$ cat run.pdb   # PDB, C-alpha atoms, pLDDT in the B column
ATOM      1  CA  ALA A1428      43.762 -97.069 112.651  1.00 68.00           C
ATOM      2  CA  GLN A1429      46.106 -96.781 109.733  1.00 75.00           C
ATOM      3  CA  SER A1430      49.775 -96.157 110.443  1.00 86.00           C
ATOM      4  CA  VAL A1431      52.998 -96.011 108.468  1.00 92.00           C
ATOM      5  CA  SER A1432      56.525 -96.855 109.518  1.00 94.00           C
ATOM      6  CA  GLN A1433      59.637 -95.802 107.663  1.00 94.00           C
ATOM      7  CA  HIS A1434      62.665 -97.756 108.738  1.00 86.00           C
ATOM      8  CA  ASN A1435      65.448 -95.275 108.220  1.00 86.00           C
ATOM      9  CA  HIS A1436      65.464 -91.676 109.381  1.00 90.00           C
ATOM     10  CA  HIS A1437      68.681 -90.795 107.576  1.00 94.00           C
ATOM     11  CA  VAL A1438      70.420 -92.435 104.635  1.00 96.00           C
ATOM     12  CA  ILE A1439      73.727 -91.329 103.156  1.00 97.00           C
ATOM     13  CA  LEU A1440      74.813 -92.650  99.756  1.00 97.00           C
ATOM     14  CA  SER A1441      77.383 -91.862  97.135  1.00 97.00           C
ATOM     15  CA  GLU A1442      76.311 -91.010  93.629  1.00 96.00           C
ATOM     16  CA  ALA A1443      75.524 -94.070  91.485  1.00 96.00           C
ATOM     17  CA  ALA A1444      74.739 -96.214  94.514  1.00 97.00           C
ATOM     18  CA  SER A1445      71.459 -98.079  94.596  1.00 97.00           C
ATOM     19  CA  LEU A1446      68.697 -96.953  96.906  1.00 97.00           C
ATOM     20  CA  GLU A1447      66.004 -98.783  98.795  1.00 97.00           C
ATOM     21  CA  LEU A1448      63.864 -97.035 101.390  1.00 97.00           C
ATOM     22  CA  GLY A1449      61.614 -99.163 103.525  1.00 96.00           C
ATOM     23  CA  CYS A1450      57.960 -98.470 104.237  1.00 96.00           C
ATOM     24  CA  ASN A1451      55.530-100.655 106.155  1.00 96.00           C
ATOM     25  CA  TYR A1452      51.923 -99.934 106.909  1.00 94.00           C
ATOM     26  CA  SER A1453      49.482-101.437 109.331  1.00 90.00           C
ATOM     27  CA  TYR A1454      46.069-102.147 107.875  1.00 83.00           C
ATOM     28  CA  GLY A1455      44.656-105.440 106.751  1.00 77.00           C
ATOM     29  CA  GLY A1456      42.316-104.220 104.045  1.00 83.00           C
ATOM     30  CA  THR A1457      42.564-102.352 100.781  1.00 86.00           C
ATOM     31  CA  VAL A1458      45.049 -99.508 100.717  1.00 88.00           C
ATOM     32  CA  ASN A1459      46.237 -96.770  98.421  1.00 90.00           C
ATOM     33  CA  LEU A1460      49.951 -96.100  98.804  1.00 93.00           C
ATOM     34  CA  PHE A1461      52.072 -93.101  97.934  1.00 94.00           C
ATOM     35  CA  TRP A1462      55.629 -91.894  98.004  1.00 96.00           C
ATOM     36  CA  TYR A1463      56.201 -88.157  98.180  1.00 96.00           C
ATOM     37  CA  VAL A1464      59.468 -86.255  97.939  1.00 96.00           C
ATOM     38  CA  GLN A1465      60.373 -82.926  99.505  1.00 94.00           C
ATOM     39  CA  TYR A1466      63.443 -81.206  98.070  1.00 94.00           C
ATOM     40  CA  PRO A1467      65.194 -78.726 100.369  1.00 91.00           C
ATOM     41  CA  GLY A1468      63.011 -75.679 100.933  1.00 87.00           C
ATOM     42  CA  GLN A1469      60.196 -76.954  98.747  1.00 89.00           C
ATOM     43  CA  HIS A1470      56.774 -78.481  99.198  1.00 87.00           C
ATOM     44  CA  LEU A1471      55.907 -82.136  98.823  1.00 91.00           C
ATOM     45  CA  GLN A1472      55.585 -83.608  95.362  1.00 92.00           C
ATOM     46  CA  LEU A1473      54.238 -86.995  94.350  1.00 92.00           C
ATOM     47  CA  LEU A1474      56.848 -89.522  93.219  1.00 95.00           C
ATOM     48  CA  LEU A1475      54.536 -92.443  92.588  1.00 95.00           C
ATOM     49  CA  LYS A1476      51.361 -94.118  93.758  1.00 92.00           C
ATOM     50  CA  TYR A1477      49.763 -97.523  93.942  1.00 93.00           C
ATOM     51  CA  PHE A1478      46.012 -98.025  93.802  1.00 89.00           C
ATOM     52  CA  SER A1479      45.614-101.481  92.266  1.00 86.00           C
ATOM     53  CA  GLY A1480      46.974-103.723  89.520  1.00 90.00           C
ATOM     54  CA  ASP A1481      50.662-104.321  88.886  1.00 93.00           C
ATOM     55  CA  PRO A1482      52.382-104.206  92.285  1.00 94.00           C
ATOM     56  CA  LEU A1483      55.519-102.758  90.726  1.00 96.00           C
ATOM     57  CA  VAL A1484      54.872 -99.105  90.033  1.00 96.00           C
ATOM     58  CA  LYS A1485      57.138 -96.684  88.274  1.00 96.00           C
ATOM     59  CA  GLY A1486      57.293 -93.026  89.114  1.00 94.00           C
ATOM     60  CA  ILE A1487      59.131 -89.948  88.056  1.00 93.00           C
ATOM     61  CA  LYS A1488      62.903 -89.514  87.937  1.00 94.00           C
ATOM     62  CA  GLY A1489      63.637 -93.230  87.714  1.00 95.00           C
ATOM     63  CA  PHE A1490      62.027 -94.201  91.005  1.00 97.00           C
ATOM     64  CA  GLU A1491      59.938 -97.321  91.441  1.00 97.00           C
ATOM     65  CA  ALA A1492      58.201 -99.056  94.320  1.00 97.00           C
ATOM     66  CA  GLU A1493      56.928-102.550  94.918  1.00 96.00           C
ATOM     67  CA  PHE A1494      53.760-103.323  96.849  1.00 95.00           C
ATOM     68  CA  ILE A1495      54.068-106.614  98.720  1.00 95.00           C
ATOM     69  CA  LYS A1496      50.727-107.237 100.356  1.00 92.00           C
ATOM     70  CA  SER A1497      51.894-110.206 102.428  1.00 92.00           C
ATOM     71  CA  LYS A1498      54.580-108.048 104.003  1.00 94.00           C
ATOM     72  CA  PHE A1499      52.479-104.880 104.277  1.00 94.00           C
ATOM     73  CA  SER A1500      55.332-103.120 102.532  1.00 96.00           C
ATOM     74  CA  PHE A1501      55.802-100.516  99.823  1.00 97.00           C
ATOM     75  CA  ASN A1502      59.539 -99.994  99.473  1.00 97.00           C
ATOM     76  CA  LEU A1503      60.968 -97.289  97.249  1.00 97.00           C
ATOM     77  CA  ARG A1504      63.899 -98.092  94.961  1.00 97.00           C
ATOM     78  CA  LYS A1505      66.216 -96.417  92.501  1.00 97.00           C
ATOM     79  CA  PRO A1506      69.074 -98.270  90.787  1.00 97.00           C
ATOM     80  CA  SER A1507      71.482 -95.333  90.682  1.00 97.00           C
ATOM     81  CA  VAL A1508      71.018 -92.175  92.731  1.00 97.00           C
ATOM     82  CA  GLN A1509      72.175 -88.712  91.780  1.00 96.00           C
ATOM     83  CA  TRP A1510      73.211 -85.756  93.882  1.00 96.00           C
ATOM     84  CA  SER A1511      69.932 -84.084  92.893  1.00 95.00           C
ATOM     85  CA  ASP A1512      68.013 -86.858  94.684  1.00 97.00           C
ATOM     86  CA  THR A1513      69.041 -85.349  98.008  1.00 97.00           C
ATOM     87  CA  ALA A1514      65.691 -84.780  99.687  1.00 97.00           C
ATOM     88  CA  GLU A1515      63.310 -86.077 102.315  1.00 95.00           C
ATOM     89  CA  TYR A1516      61.085 -88.948 101.272  1.00 97.00           C
ATOM     90  CA  PHE A1517      57.698 -89.711 102.772  1.00 95.00           C
ATOM     91  CA  CYS A1518      55.610 -92.822 102.476  1.00 95.00           C
ATOM     92  CA  ALA A1519      51.855 -92.363 102.936  1.00 93.00           C
ATOM     93  CA  VAL A1520      48.820 -94.614 103.117  1.00 91.00           C
ATOM     94  CA  ASN A1521      45.112 -94.166 102.681  1.00 87.00           C
ATOM     95  CA  ALA A1522      43.226 -97.184 103.904  1.00 83.00           C
ATOM     96  CA  GLU A1523      39.798 -98.161 102.669  1.00 79.00           C
ATOM     97  CA  GLY A1524      37.153 -96.543 104.807  1.00 76.00           C
ATOM     98  CA  TYR A1525      39.429 -93.792 106.032  1.00 77.00           C
ATOM     99  CA  SER A1526      39.158 -90.221 104.800  1.00 77.00           C
ATOM    100  CA  THR A1527      42.691 -89.326 105.736  1.00 81.00           C
ATOM    101  CA  LEU A1528      46.181 -89.760 104.380  1.00 85.00           C
ATOM    102  CA  THR A1529      48.674 -90.892 107.001  1.00 88.00           C
ATOM    103  CA  PHE A1530      52.338 -90.102 106.479  1.00 91.00           C
ATOM    104  CA  GLY A1531      55.423 -91.800 107.785  1.00 93.00           C
ATOM    105  CA  LYS A1532      57.985 -89.708 109.637  1.00 92.00           C
ATOM    106  CA  GLY A1533      60.158 -89.405 106.575  1.00 94.00           C
ATOM    107  CA  THR A1534      63.623 -90.493 105.473  1.00 95.00           C
ATOM    108  CA  MET A1535      66.256 -87.880 104.809  1.00 95.00           C
ATOM    109  CA  LEU A1536      68.458 -88.957 101.899  1.00 97.00           C
ATOM    110  CA  LEU A1537      71.815 -87.294 101.384  1.00 97.00           C
ATOM    111  CA  VAL A1538      73.664 -88.136  98.197  1.00 97.00           C
ATOM    112  CA  SER A1539      77.298 -87.133  98.119  1.00 94.00           C
ATOM    113  CA  PRO A1540      78.854 -86.281  94.739  1.00 88.00           C
TER     114      PRO A1540
ATOM    115  CA  GLU B 477      48.441 -73.173  86.174  1.00 84.00           C
ATOM    116  CA  ALA B 478      46.973 -75.703  88.592  1.00 82.00           C
ATOM    117  CA  GLN B 479      48.166 -74.878  92.066  1.00 92.00           C
ATOM    118  CA  VAL B 480      47.560 -74.561  95.774  1.00 96.00           C
ATOM    119  CA  THR B 481      48.478 -71.189  97.226  1.00 96.00           C
ATOM    120  CA  GLN B 482      49.037 -70.254 100.845  1.00 97.00           C
ATOM    121  CA  ASN B 483      49.464 -66.905 102.527  1.00 97.00           C
ATOM    122  CA  PRO B 484      51.468 -65.740 104.265  1.00 97.00           C
ATOM    123  CA  ARG B 485      54.571 -67.791 103.539  1.00 95.00           C
ATOM    124  CA  TYR B 486      56.314 -66.639 106.683  1.00 96.00           C
ATOM    125  CA  LEU B 487      54.790 -65.310 109.875  1.00 96.00           C
ATOM    126  CA  ILE B 488      56.207 -64.355 113.247  1.00 97.00           C
ATOM    127  CA  THR B 489      53.646 -63.585 115.916  1.00 96.00           C
ATOM    128  CA  VAL B 490      53.210 -63.490 119.669  1.00 96.00           C
ATOM    129  CA  THR B 491      51.336 -65.773 121.998  1.00 97.00           C
ATOM    130  CA  GLY B 492      47.608 -65.181 122.025  1.00 96.00           C
ATOM    131  CA  LYS B 493      47.329 -63.028 118.923  1.00 96.00           C
ATOM    132  CA  LYS B 494      44.732 -64.559 116.596  1.00 97.00           C
ATOM    133  CA  LEU B 495      45.894 -65.340 113.086  1.00 97.00           C
ATOM    134  CA  THR B 496      44.596 -66.884 109.885  1.00 98.00           C
ATOM    135  CA  VAL B 497      46.555 -68.686 107.217  1.00 98.00           C
ATOM    136  CA  THR B 498      44.730 -68.756 103.917  1.00 98.00           C
ATOM    137  CA  CYS B 499      44.711 -71.622 101.430  1.00 98.00           C
ATOM    138  CA  SER B 500      43.223 -71.610  97.965  1.00 98.00           C
ATOM    139  CA  GLN B 501      43.187 -74.147  95.126  1.00 97.00           C
ATOM    140  CA  ASN B 502      42.125 -73.691  91.510  1.00 95.00           C
ATOM    141  CA  MET B 503      41.636 -77.348  90.579  1.00 93.00           C
ATOM    142  CA  ASN B 504      38.027 -77.749  91.740  1.00 93.00           C
ATOM    143  CA  HIS B 505      39.111 -80.377  94.242  1.00 92.00           C
ATOM    144  CA  GLU B 506      36.608 -81.632  96.776  1.00 91.00           C
ATOM    145  CA  TYR B 507      39.119 -82.623  99.435  1.00 91.00           C
ATOM    146  CA  MET B 508      41.338 -80.146 101.261  1.00 94.00           C
ATOM    147  CA  SER B 509      43.565 -80.651 104.246  1.00 94.00           C
ATOM    148  CA  TRP B 510      45.992 -78.949 106.597  1.00 96.00           C
ATOM    149  CA  TYR B 511      49.179 -80.541 107.887  1.00 95.00           C
ATOM    150  CA  ARG B 512      51.923 -79.446 110.175  1.00 96.00           C
ATOM    151  CA  GLN B 513      55.467 -80.647 109.666  1.00 93.00           C
ATOM    152  CA  ASP B 514      57.875 -80.899 112.567  1.00 93.00           C
ATOM    153  CA  PRO B 515      61.404 -82.374 112.582  1.00 88.00           C
ATOM    154  CA  GLY B 516      61.359 -86.075 113.357  1.00 85.00           C
ATOM    155  CA  LEU B 517      57.557 -86.229 113.336  1.00 88.00           C
ATOM    156  CA  GLY B 518      56.833 -86.007 109.628  1.00 88.00           C
ATOM    157  CA  LEU B 519      53.508 -84.568 108.521  1.00 90.00           C
ATOM    158  CA  ARG B 520      50.567 -84.720 110.841  1.00 92.00           C
ATOM    159  CA  GLN B 521      47.078 -83.880 109.717  1.00 92.00           C
ATOM    160  CA  ILE B 522      45.317 -81.082 111.559  1.00 96.00           C
ATOM    161  CA  TYR B 523      41.924 -80.854 109.845  1.00 95.00           C
ATOM    162  CA  TYR B 524      40.430 -81.926 106.584  1.00 93.00           C
ATOM    163  CA  SER B 525      37.371 -81.172 104.518  1.00 93.00           C
ATOM    164  CA  MET B 526      35.650 -83.473 102.073  1.00 89.00           C
ATOM    165  CA  ASN B 527      33.514 -80.733 100.574  1.00 89.00           C
ATOM    166  CA  VAL B 528      31.910 -77.379 101.250  1.00 93.00           C
ATOM    167  CA  GLU B 529      30.624 -77.059 104.820  1.00 93.00           C
ATOM    168  CA  VAL B 530      32.069 -80.490 105.703  1.00 92.00           C
ATOM    169  CA  THR B 531      35.115 -80.473 107.977  1.00 95.00           C
ATOM    170  CA  ASP B 532      36.599 -83.013 110.340  1.00 93.00           C
ATOM    171  CA  LYS B 533      39.444 -83.367 112.791  1.00 93.00           C
ATOM    172  CA  GLY B 534      42.712 -84.976 111.852  1.00 90.00           C
ATOM    173  CA  ASP B 535      45.329 -86.278 114.245  1.00 89.00           C
ATOM    174  CA  VAL B 536      46.332 -82.981 115.914  1.00 94.00           C
ATOM    175  CA  PRO B 537      43.360 -80.576 115.851  1.00 96.00           C
ATOM    176  CA  GLU B 538      43.791 -78.959 119.267  1.00 97.00           C
ATOM    177  CA  GLY B 539      44.281 -75.208 119.070  1.00 97.00           C
ATOM    178  CA  TYR B 540      43.140 -74.912 115.450  1.00 98.00           C
ATOM    179  CA  LYS B 541      39.940 -74.124 113.621  1.00 98.00           C
ATOM    180  CA  VAL B 542      39.013 -74.315 109.951  1.00 98.00           C
ATOM    181  CA  SER B 543      36.115 -73.394 107.731  1.00 96.00           C
ATOM    182  CA  ARG B 544      35.030 -74.375 104.236  1.00 97.00           C
ATOM    183  CA  LYS B 545      32.525 -71.882 102.950  1.00 97.00           C
ATOM    184  CA  GLU B 546      33.677 -72.128  99.352  1.00 96.00           C
ATOM    185  CA  LYS B 547      35.114 -75.069  97.481  1.00 95.00           C
ATOM    186  CA  ARG B 548      38.370 -73.341  96.628  1.00 97.00           C
ATOM    187  CA  ASN B 549      39.255 -71.918 100.068  1.00 98.00           C
ATOM    188  CA  PHE B 550      40.173 -73.615 103.323  1.00 98.00           C
ATOM    189  CA  PRO B 551      41.606 -71.172 105.879  1.00 98.00           C
ATOM    190  CA  LEU B 552      43.381 -72.318 109.029  1.00 98.00           C
ATOM    191  CA  ILE B 553      42.646 -70.249 112.123  1.00 98.00           C
ATOM    192  CA  LEU B 554      44.681 -70.099 115.294  1.00 97.00           C
ATOM    193  CA  GLU B 555      42.486 -68.323 117.833  1.00 95.00           C
ATOM    194  CA  SER B 556      45.163 -68.066 120.526  1.00 97.00           C
ATOM    195  CA  PRO B 557      48.514 -69.242 119.187  1.00 97.00           C
ATOM    196  CA  SER B 558      51.049 -70.754 121.551  1.00 97.00           C
ATOM    197  CA  PRO B 559      54.777 -71.467 121.097  1.00 97.00           C
ATOM    198  CA  ASN B 560      54.110 -75.192 120.589  1.00 96.00           C
ATOM    199  CA  GLN B 561      52.308 -74.269 117.378  1.00 98.00           C
ATOM    200  CA  THR B 562      55.550 -73.018 115.880  1.00 97.00           C
ATOM    201  CA  SER B 563      55.843 -75.221 112.819  1.00 97.00           C
ATOM    202  CA  LEU B 564      55.770 -75.486 109.048  1.00 95.00           C
ATOM    203  CA  TYR B 565      52.210 -75.727 107.769  1.00 97.00           C
ATOM    204  CA  PHE B 566      51.081 -77.199 104.479  1.00 96.00           C
ATOM    205  CA  CYS B 567      47.714 -77.034 102.812  1.00 96.00           C
ATOM    206  CA  ALA B 568      46.834 -79.732 100.301  1.00 94.00           C
ATOM    207  CA  SER B 569      43.959 -80.604  98.004  1.00 93.00           C
ATOM    208  CA  SER B 570      42.879 -83.609  95.996  1.00 90.00           C
ATOM    209  CA  LEU B 571      40.062 -85.146  94.065  1.00 85.00           C
ATOM    210  CA  TYR B 572      37.922 -87.426  96.163  1.00 76.00           C
ATOM    211  CA  THR B 573      35.247 -89.054  94.095  1.00 64.00           C
ATOM    212  CA  GLY B 574      33.313 -92.255  94.622  1.00 57.00           C
ATOM    213  CA  GLY B 575      35.268 -92.971  97.778  1.00 56.00           C
ATOM    214  CA  ILE B 576      38.515 -93.118  95.821  1.00 56.00           C
ATOM    215  CA  TYR B 577      41.256 -91.051  97.293  1.00 64.00           C
ATOM    216  CA  ASN B 578      43.692 -89.467  94.855  1.00 73.00           C
ATOM    217  CA  GLU B 579      47.090 -87.864  95.138  1.00 81.00           C
ATOM    218  CA  GLN B 580      47.312 -84.670  97.110  1.00 87.00           C
ATOM    219  CA  PHE B 581      48.696 -81.437  95.706  1.00 91.00           C
ATOM    220  CA  PHE B 582      50.556 -79.393  98.255  1.00 93.00           C
ATOM    221  CA  GLY B 583      50.922 -75.686  98.739  1.00 95.00           C
ATOM    222  CA  PRO B 584      54.335 -74.053  99.247  1.00 93.00           C
ATOM    223  CA  GLY B 585      54.081 -74.018 103.026  1.00 94.00           C
ATOM    224  CA  THR B 586      53.766 -71.383 105.749  1.00 96.00           C
ATOM    225  CA  ARG B 587      56.494 -71.142 108.333  1.00 96.00           C
ATOM    226  CA  LEU B 588      54.943 -69.920 111.559  1.00 97.00           C
ATOM    227  CA  THR B 589      56.877 -68.814 114.618  1.00 97.00           C
ATOM    228  CA  VAL B 590      54.991 -68.044 117.820  1.00 97.00           C
ATOM    229  CA  LEU B 591      57.026 -66.147 120.410  1.00 96.00           C
TER     230      LEU B 591
END
$ encode --input "run.pdb" --output "structure tokens"
Amino acid sequence: AQSVSQHNHHVILSEAASLELGCNYSYGGTVNLFWYVQYPGQHLQLLLKYFSGDPLVKGIKGFEAEFIKSKFSFNLRKPSVQWSDTAEYFCAVNAEGYSTLTFGKGTMLLVSP
Amino acid sequence: EAQVTQNPRYLITVTGKKLTVTCSQNMNHEYMSWYRQDPGLGLRQIYYSMNVEVTDKGDVPEGYKVSRKEKRNFPLILESPSPNQTSLYFCASSLYTGGIYNEQFFGPGTRLTVL
């Protein structure tokens, strides 16, 4: 079965700090990977996705993620966070042969001004 | 505007009183899904549908029913709600063609409280 693990439940940063949120999945085959963001009181929105090709993918609002197959990881990064990045971030995986999207438990990011 | 709509957005009910949460999408997506979101547990899939008249259980289907009679609609039915079904529910839809799974578009959520 596919599963996703997000390392940090809560992260607190000051504005302009760099961000890296960890995500590991368990599946040995082909995967599609996603990062979603949920701003306070809102629904989930897609930040970025990886299907194939360049393992470094760029998303909206300056976010990027790197797929490292050997480490089963898809970590999310941003060089300089803003107060408006305060939100909950979810990593998700769809493994080949599965008809479902499995989400991690989420990481709550709080950026202090 | 492409969107997924859910109704109602907020609902307070009592144990055992049947309810339906509607979900509709206007993007002609094949795949639709229901999730519940609980603090510390993230999103867990309840049911999904890969096309009309095709539904399947997700990770937490107990106590829920769904139907997919039309491509655009995917209602979630709680026949006899219980307090442990108090949660935030999201409907989502996506393209699903040739076995390739695409990004999901989420509805605004329905906050359900069962007393």
$ interface_residues --input "run.pdb" --of "chain A" --to "chain B" --cutoff "7 Å" --atoms "only C-alpha atoms" --output "PDB file with C-alpha atoms, in the coordinates of the input"
ATOM      1  CA  GLN A1469      60.196 -76.954  98.747  1.00 89.00           C
ATOM      2  CA  HIS A1470      56.774 -78.481  99.198  1.00 87.00           C
ATOM      3  CA  LEU A1471      55.907 -82.136  98.823  1.00 91.00           C
ATOM      4  CA  PHE A1530      52.338 -90.102 106.479  1.00 91.00           C
ATOM      5  CA  GLY A1531      55.423 -91.800 107.785  1.00 93.00           C
ATOM      6  CA  LYS A1532      57.985 -89.708 109.637  1.00 92.00           C
ATOM      7  CA  GLY A1533      60.158 -89.405 106.575  1.00 94.00           C
TER       8      GLY A1533
END
$ resolve_selection --input "run.pdb" --expression "the PyMOL selection byres ((chain B and resi 494) around 12)" --output "PyMOL selection string"
chain B and resi 488-493+495-497+539-541+552-558+590
$ residues_around --input "run.pdb" --residues "A:Tyr1463" --least-positions-apart "5" --cutoff "8 Å" --atoms "only C-alpha atoms" --output "PyMOL selection string"
chain A and resi 1471-1475+1516-1519
$ write_last_selection --input "run.pdb" --atoms "C-alpha atoms" --output "JSON list (two decimals), keeping the file's coordinate frame"
[["chain", "number", "residue", "atom", "x", "y", "z"],
["A", 1471, "LEU", "CA", 55.91, -82.14, 98.82],
["A", 1472, "GLN", "CA", 55.58, -83.61, 95.36],
["A", 1473, "LEU", "CA", 54.24, -87.00, 94.35],
["A", 1474, "LEU", "CA", 56.85, -89.52, 93.22],
["A", 1475, "LEU", "CA", 54.54, -92.44, 92.59],
["A", 1516, "TYR", "CA", 61.08, -88.95, 101.27],
["A", 1517, "PHE", "CA", 57.70, -89.71, 102.77],
["A", 1518, "CYS", "CA", 55.61, -92.82, 102.48],
["A", 1519, "ALA", "CA", 51.86, -92.36, 102.94]]
$ atom_distance --input "run.pdb" --atom1 "atom CA of A:Val1464" --atom2 "atom CA of A:Ser1497"
25.5 Å
$ resolve_selection --input "run.pdb" --expression "the PyMOL selection byres ((chain A and resi 1495) around 12)" --output "VMD selection string"
chain A and resid 1449 to 1452 1458 1460 1477 1479 to 1484 1492 to 1494 1496 to 1503
$ residues_around --input "run.pdb" --residues "B:Pro551" --least-positions-apart "3" --cutoff "6 Å" --atoms "all atoms listed in the file" --output "short mmCIF file (atom, residue, chain, number, x, y, z; two decimals) with C-alpha atoms, in the coordinates of the input"
data_model
loop_
_atom_site.label_atom_id
_atom_site.label_comp_id
_atom_site.auth_asym_id
_atom_site.auth_seq_id
_atom_site.Cartn_x
_atom_site.Cartn_y
_atom_site.Cartn_z
CA VAL B 497 46.56 -68.69 107.22
CA THR B 498 44.73 -68.76 103.92
CA CYS B 499 44.71 -71.62 101.43
CA VAL B 542 39.01 -74.32 109.95
#
$ resolve_selection --input "run.pdb" --expression "the PyMOL selection byres ((chain B and resi 506) around 9)" --output "short mmCIF file (atom, residue, chain, number, x, y, z; two decimals) with C-alpha atoms, in the frame of the given file"
data_model
loop_
_atom_site.label_atom_id
_atom_site.label_comp_id
_atom_site.auth_asym_id
_atom_site.auth_seq_id
_atom_site.Cartn_x
_atom_site.Cartn_y
_atom_site.Cartn_z
CA ASN B 504 38.03 -77.75 91.74
CA HIS B 505 39.11 -80.38 94.24
CA TYR B 507 39.12 -82.62 99.44
CA MET B 508 41.34 -80.15 101.26
CA SER B 525 37.37 -81.17 104.52
CA MET B 526 35.65 -83.47 102.07
CA ASN B 527 33.51 -80.73 100.57
CA VAL B 528 31.91 -77.38 101.25
CA LYS B 547 35.11 -75.07 97.48
CA ARG B 548 38.37 -73.34 96.63
CA SER B 569 43.96 -80.60 98.00
CA SER B 570 42.88 -83.61 96.00
CA LEU B 571 40.06 -85.15 94.06
CA TYR B 572 37.92 -87.43 96.16
CA THR B 573 35.25 -89.05 94.10
#
$ atom_distance --input "run.pdb" --atom1 "atom CA of B:Ser543" --atom2 "atom CA of B:Asn502"
17.3 Å
$ decode --input "run.pdb" --residues "stretch 1448-1453 of chain A" --atoms "all heavy atoms" --output "compact mmCIF listing (two decimals), in the first residue's frame"
# COMPACT_ATOMS: atom_id res chain seq x y z
N LEU A 1448 10.42 21.43 3.98
CA LEU A 1448 9.49 20.48 4.61
C LEU A 1448 9.73 19.10 4.02
O LEU A 1448 9.73 18.93 2.82
CB LEU A 1448 8.04 20.91 4.37
CG LEU A 1448 7.65 22.29 4.89
CD1 LEU A 1448 6.16 22.54 4.61
CD2 LEU A 1448 7.94 22.43 6.36
N GLY A 1449 9.89 18.14 4.92
CA GLY A 1449 10.22 16.80 4.46
C GLY A 1449 8.99 15.97 4.12
O GLY A 1449 7.93 16.11 4.74
N CYS A 1450 9.14 15.12 3.12
CA CYS A 1450 8.08 14.20 2.72
C CYS A 1450 8.74 12.93 2.21
O CYS A 1450 9.58 12.99 1.31
CB CYS A 1450 7.22 14.81 1.63
SG CYS A 1450 6.01 13.66 0.91
N ASN A 1451 8.35 11.81 2.77
CA ASN A 1451 8.82 10.51 2.29
C ASN A 1451 7.62 9.63 1.99
O ASN A 1451 6.61 9.69 2.68
CB ASN A 1451 9.71 9.83 3.33
CG ASN A 1451 11.08 10.45 3.40
OD1 ASN A 1451 11.29 11.37 4.18
ND2 ASN A 1451 11.99 9.97 2.58
N TYR A 1452 7.75 8.83 0.97
CA TYR A 1452 6.67 7.93 0.61
C TYR A 1452 7.20 6.51 0.59
O TYR A 1452 8.41 6.27 0.50
CB TYR A 1452 6.09 8.31 -0.76
CG TYR A 1452 7.07 8.16 -1.89
CD1 TYR A 1452 7.15 6.98 -2.61
CD2 TYR A 1452 7.95 9.20 -2.21
CE1 TYR A 1452 8.07 6.82 -3.64
CE2 TYR A 1452 8.87 9.05 -3.23
CZ TYR A 1452 8.93 7.86 -3.93
OH TYR A 1452 9.85 7.71 -4.94
N SER A 1453 6.29 5.57 0.68
CA SER A 1453 6.70 4.18 0.65
C SER A 1453 6.02 3.50 -0.53
O SER A 1453 4.84 3.20 -0.47
CB SER A 1453 6.32 3.46 1.95
OG SER A 1453 4.93 3.43 2.10
